[in-house]
Structure formats: C-alpha cells, structure tokens
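Just below is one structure, and these are the notes that go with it.
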Amino acid sequence: MVDSGTPALNRSRETRAATQSGYLMLLIWVLLAGVAAWAVITNINGVEVAWKWGVLIAAAVAGSIILCGFYLINPNEAAAIQLFGAYKGTDREEGLRWVLPWLTRKKIAVRANNVISEKIKVNDARGNPIEMAAQVVWRVTDTAQALFDVEDYKEFVLAQIEAAVRSIGSRYPYDDHTHDEVTLRGNHDEVGGELRKALIERLDVAGITVDECGLTHLAYAPEIAGAMLRRQQAEAVVAARVKLVEGAVSMVEMALTQLSEKQVVELDDERRAAMVSNLMVVLCGERDTQPIVNTGSLY
C-alpha cells in the first residue's frame, strides 16, 4: 500500500450527550433553598446549633453548583457539550436542561437556512462569459462536524455554493437553439439537480445537507450581452425559416398531388414549375400577396 503523505481527515460524529431535565434539577434546587432557609431561621429564632450552619453552607454550595448548570434549548436548536475542549455529545431536547457546570455548552441552530448567492461571472461550456446566482436551502444534520470539522460552517457553505455554481456553469452551455444539448437556460430542473448533488457532496464534510436549490439569475455578461442577443435573434429567424420552408414544401406537394388525383387540371412540367413557384412565394412571403388575373394564355 502506497502512502500518499496526506493525513486522513479525522471526522467528528454527533453522539447524544448525558444531560438531565432542567425541571427535575430545578425542583432539587428549590428543596435545597428551603433547607438553607430552615437552617437560617431556626438558628436565628432558636438556640444556635453549629451543625445547622454546616447544613446551610452545604446547601448553598450544592445550590450554586446546580444553578450554574441550567441552560435553555429552543425549538430547532442543539447544544454541543464539551469538557475542557473534548466533545462529549450533543443535546437536542427542547426546554430547560441541566448539565454539570464544568461542562461547556455551545449552541447551534439546526433549522433550515435560505441563502441567495452573489452574482458571479463564469465561462460556460462554450467559453461565453455569463452571470449566475443560486438560491440554496440548507441545514445542519451533524452538529459535531459543523462545529469542529470546519472553521466557520456558515462561511464554508457560502464558499462551497460559489465553487459549485462555477463548476456547474462551466459544464453546460448557456443555450442551444437546436435543443440537442442540456443547457443552463433550457434545463432548469436537471441543472438544479446537478447543483444540489454537487453541494451535498461538498458540504458532507461539515455535516450539512441541502434540501433544495436552483438558479435565481442567469444572463450573459454585459460585455457580450448585445452581441449574443443579436445572435439569438438570428438563430431564431433561421430556425423559423427552416420550419416555414418545410411546411410550405409539404403544402405544395399536397396541393399538386390532390390536383392530379382529382384531375382538376392537367399540368405539364412548365405549368407545374410555375405553380410551385407561385405557391412557395405565397406561403413563404412575409407580406400579403396581390393576385394577378391572367386573361390570356400562359404561353
């Protein structure tokens, strides 16, 4: 086995923390407060007893320790528990919670986040500069990875979104009037699926998943926008002309066939050519035709 010399990433994994319900510990704290109050009152109003002062001190110390261990977890929130820097698990239970006070708590939101990236300039598969922006809905699935495997998971998400948009933008052409290729403009669902797949792979190291994503902005860069618009218009005109000619040829063929089958008129080659020419002019012309009535012979 060949050692590449690159150390493998030691990924963190979320585990459940050993925490307690805060309401139970609050009840214990109230009982300790009651014991401390009883010791003070009986020592003041009655004969002073030394052991009662000991009970008061013990209750005060225990109550202070309990009081320092309370914390709250809101809906769609979690708390990573650490002991002197070592990860000890994650608490996802909502409400009032309690843990030993020398264990630190680092809260993290696990709700869905919506991000719209900045417009970035990318060269598409044909080398044309285009502008792109994406909308991404993401959330944290593994709190340990999000907090300990990357420096700042929110900045990491933004950086990976930009990298994924650049990768997808350079993989496909902006447009294709022949509809033979997958394009950024014409295949939004497929491009969005590819973008989501790429983001999930990139964000897996940070314990983050992507629920949905798609392009919110797609346009040619300003320096070529005018030229590409004229090119699109020309391609559209050519495509329309091709369809128009194909339809006209079919209609002329159908007209000649029916005239021959029904023996409406006998056409020699010259008359057939003249009729084809006239029909093509009528069908392909952009202006309304003006009929000319011929009162003499065709010859």
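Naming scheme: A, B, ... for chains in displayed order of the structure tokens; residues 1 onward per chain; ligands 1 onward as shown.
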
- [ ] Could you please write out, as a PyMOL selection string, every residue of range 65-275 of chain A that DSSP assigns to helix (DSSP H, G or I)?
- [x] chain A and resi 65-67+143-148+153-171+188-206+222-261+269-275

TODO: Could you tell me how far CA of Arg166 in chain A lies from CA of Gln145 in chain A, in Å and to one decimal?
DONE: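 CA of Arg166 in chain A sits 25.2 Å away from CA of Gln145 in chain A.
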
Determine, counting only C-alpha atoms, which protein, DNA and RNA residues have an atom within 12 Å of an atom of range 124-133 of chain A; residues of the same chain fewer than 4 positions away are not included. Present the result as a short mmCIF file (atom, residue, chain, number, x, y, z; two decimals) with C-alpha atoms, in the first residue's frame.
```
data_model
loop_
_atom_site.label_atom_id
_atom_site.label_comp_id
_atom_site.auth_asym_id
_atom_site.auth_seq_id
_atom_site.Cartn_x
_atom_site.Cartn_y
_atom_site.Cartn_z
CA VAL A 115 -29.15 31.63 1.04
CA ILE A 116 -29.09 33.55 -2.23
CA SER A 117 -25.55 33.74 -3.52
CA GLU A 118 -23.93 36.77 -5.08
CA LYS A 119 -23.85 37.08 -8.86
CA ILE A 120 -20.64 35.56 -10.16
CA LEU A 158 -21.09 30.27 1.07
CA ILE A 161 -22.01 27.38 -3.11
CA GLU A 162 -19.82 29.66 -5.22
CA ALA A 163 -17.50 26.79 -6.14
CA ALA A 164 -20.41 24.51 -7.10
CA VAL A 165 -22.09 27.22 -9.21
CA ARG A 166 -18.83 27.81 -11.08
CA SER A 167 -18.43 24.07 -11.68
CA ILE A 168 -21.98 23.62 -12.99
CA GLY A 169 -21.80 26.79 -15.08
CA SER A 170 -18.66 25.63 -16.88
CA ARG A 171 -20.12 22.16 -17.50
CA TYR A 172 -23.09 23.21 -19.68
CA PRO A 173 -23.64 25.76 -22.47
CA TYR A 174 -25.88 28.73 -21.82
CA ASP A 175 -28.23 27.96 -24.69
CA ASP A 176 -28.65 25.71 -27.72
CA GLU A 181 -27.71 19.52 -25.52
CA VAL A 182 -28.54 20.10 -21.89
CA THR A 183 -28.34 23.85 -21.37
CA LEU A 184 -28.40 26.16 -18.37
CA ARG A 185 -31.33 28.15 -19.74
CA GLY A 192 -30.72 22.30 -10.32
CA LEU A 195 -26.14 21.59 -8.43
CA CYS A 213 -31.56 24.67 -4.74
CA GLY A 214 -31.86 26.34 -8.11
CA LEU A 215 -30.59 29.20 -10.23
CA THR A 216 -32.07 32.63 -9.45
CA HIS A 217 -30.08 34.62 -12.02
CA LEU A 218 -28.75 33.57 -15.40
CA ALA A 219 -27.66 36.01 -18.10
CA TYR A 220 -24.85 36.75 -20.49
CA ALA A 221 -22.16 39.06 -19.17
CA PRO A 222 -22.75 42.74 -20.08
CA GLU A 223 -19.79 42.88 -22.47
CA ILE A 224 -21.31 40.27 -24.81
CA ALA A 225 -25.00 40.57 -23.97
CA ALA A 227 -23.92 40.52 -29.47
CA MET A 228 -25.40 37.32 -28.05
#
```

Task: Length of the CA of Val237 in chain A to CA of Glu253 in chain A vector [Å] - done: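 Going from CA of Val237 in chain A over to CA of Glu253 in chain A covers 24.2 Å.
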
Open item on the list: Could you go through range 115-155 of chain A and tell me which residues DSSP, when run on the backbone, assigns to strand (DSSP E or B), listing them as a ChimeraX atom specification?
Closed with: /A:115-116,120-123,129-140

Take the residues from that selection and write them out as a short mmCIF file (atom, residue, chain, number, x, y, z; two decimals), in the first residue's frame, keeping N, CA and C atoms.
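The file below, again_33.cif, is the result:
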```cif
data_model
loop_
_atom_site.label_atom_id
_atom_site.label_comp_id
_atom_site.auth_asym_id
_atom_site.auth_seq_id
_atom_site.Cartn_x
_atom_site.Cartn_y
_atom_site.Cartn_z
N VAL A 115 -30.25 30.76 1.48
CA VAL A 115 -29.15 31.63 1.04
C VAL A 115 -29.30 31.90 -0.44
N ILE A 116 -29.18 33.16 -0.82
CA ILE A 116 -29.09 33.55 -2.23
C ILE A 116 -27.69 34.07 -2.47
N ILE A 120 -22.03 35.82 -9.81
CA ILE A 120 -20.64 35.56 -10.16
C ILE A 120 -20.53 35.36 -11.66
N LYS A 121 -19.36 35.71 -12.20
CA LYS A 121 -19.13 35.58 -13.64
C LYS A 121 -18.43 34.25 -13.90
N VAL A 122 -18.99 33.48 -14.85
CA VAL A 122 -18.50 32.14 -15.16
C VAL A 122 -18.41 32.01 -16.68
N ASN A 123 -17.46 31.23 -17.16
CA ASN A 123 -17.41 30.87 -18.58
C ASN A 123 -18.14 29.55 -18.77
N PRO A 129 -18.75 34.23 -21.47
CA PRO A 129 -18.89 34.72 -20.09
C PRO A 129 -20.35 34.96 -19.73
N ILE A 130 -20.79 34.39 -18.63
CA ILE A 130 -22.17 34.54 -18.19
C ILE A 130 -22.19 34.89 -16.71
N GLU A 131 -23.32 35.40 -16.25
CA GLU A 131 -23.52 35.71 -14.83
C GLU A 131 -24.51 34.72 -14.24
N MET A 132 -24.19 34.21 -13.04
CA MET A 132 -25.05 33.22 -12.40
C MET A 132 -25.19 33.53 -10.91
N ALA A 133 -26.34 33.16 -10.36
CA ALA A 133 -26.57 33.21 -8.92
C ALA A 133 -27.52 32.08 -8.56
N ALA A 134 -27.41 31.57 -7.35
CA ALA A 134 -28.21 30.42 -6.94
C ALA A 134 -28.87 30.67 -5.60
N GLN A 135 -30.00 30.00 -5.40
CA GLN A 135 -30.71 30.00 -4.12
C GLN A 135 -30.62 28.60 -3.54
N VAL A 136 -30.17 28.50 -2.28
CA VAL A 136 -29.92 27.20 -1.65
C VAL A 136 -30.58 27.16 -0.28
N VAL A 137 -31.31 26.07 -0.01
CA VAL A 137 -31.89 25.83 1.32
C VAL A 137 -31.09 24.71 1.97
N TRP A 138 -30.39 25.02 3.07
CA TRP A 138 -29.52 24.05 3.72
C TRP A 138 -29.79 24.03 5.22
N ARG A 139 -29.35 22.95 5.86
CA ARG A 139 -29.49 22.81 7.31
C ARG A 139 -28.40 21.89 7.85
N VAL A 140 -28.12 22.04 9.12
CA VAL A 140 -27.11 21.22 9.80
C VAL A 140 -27.73 19.90 10.21
#
```
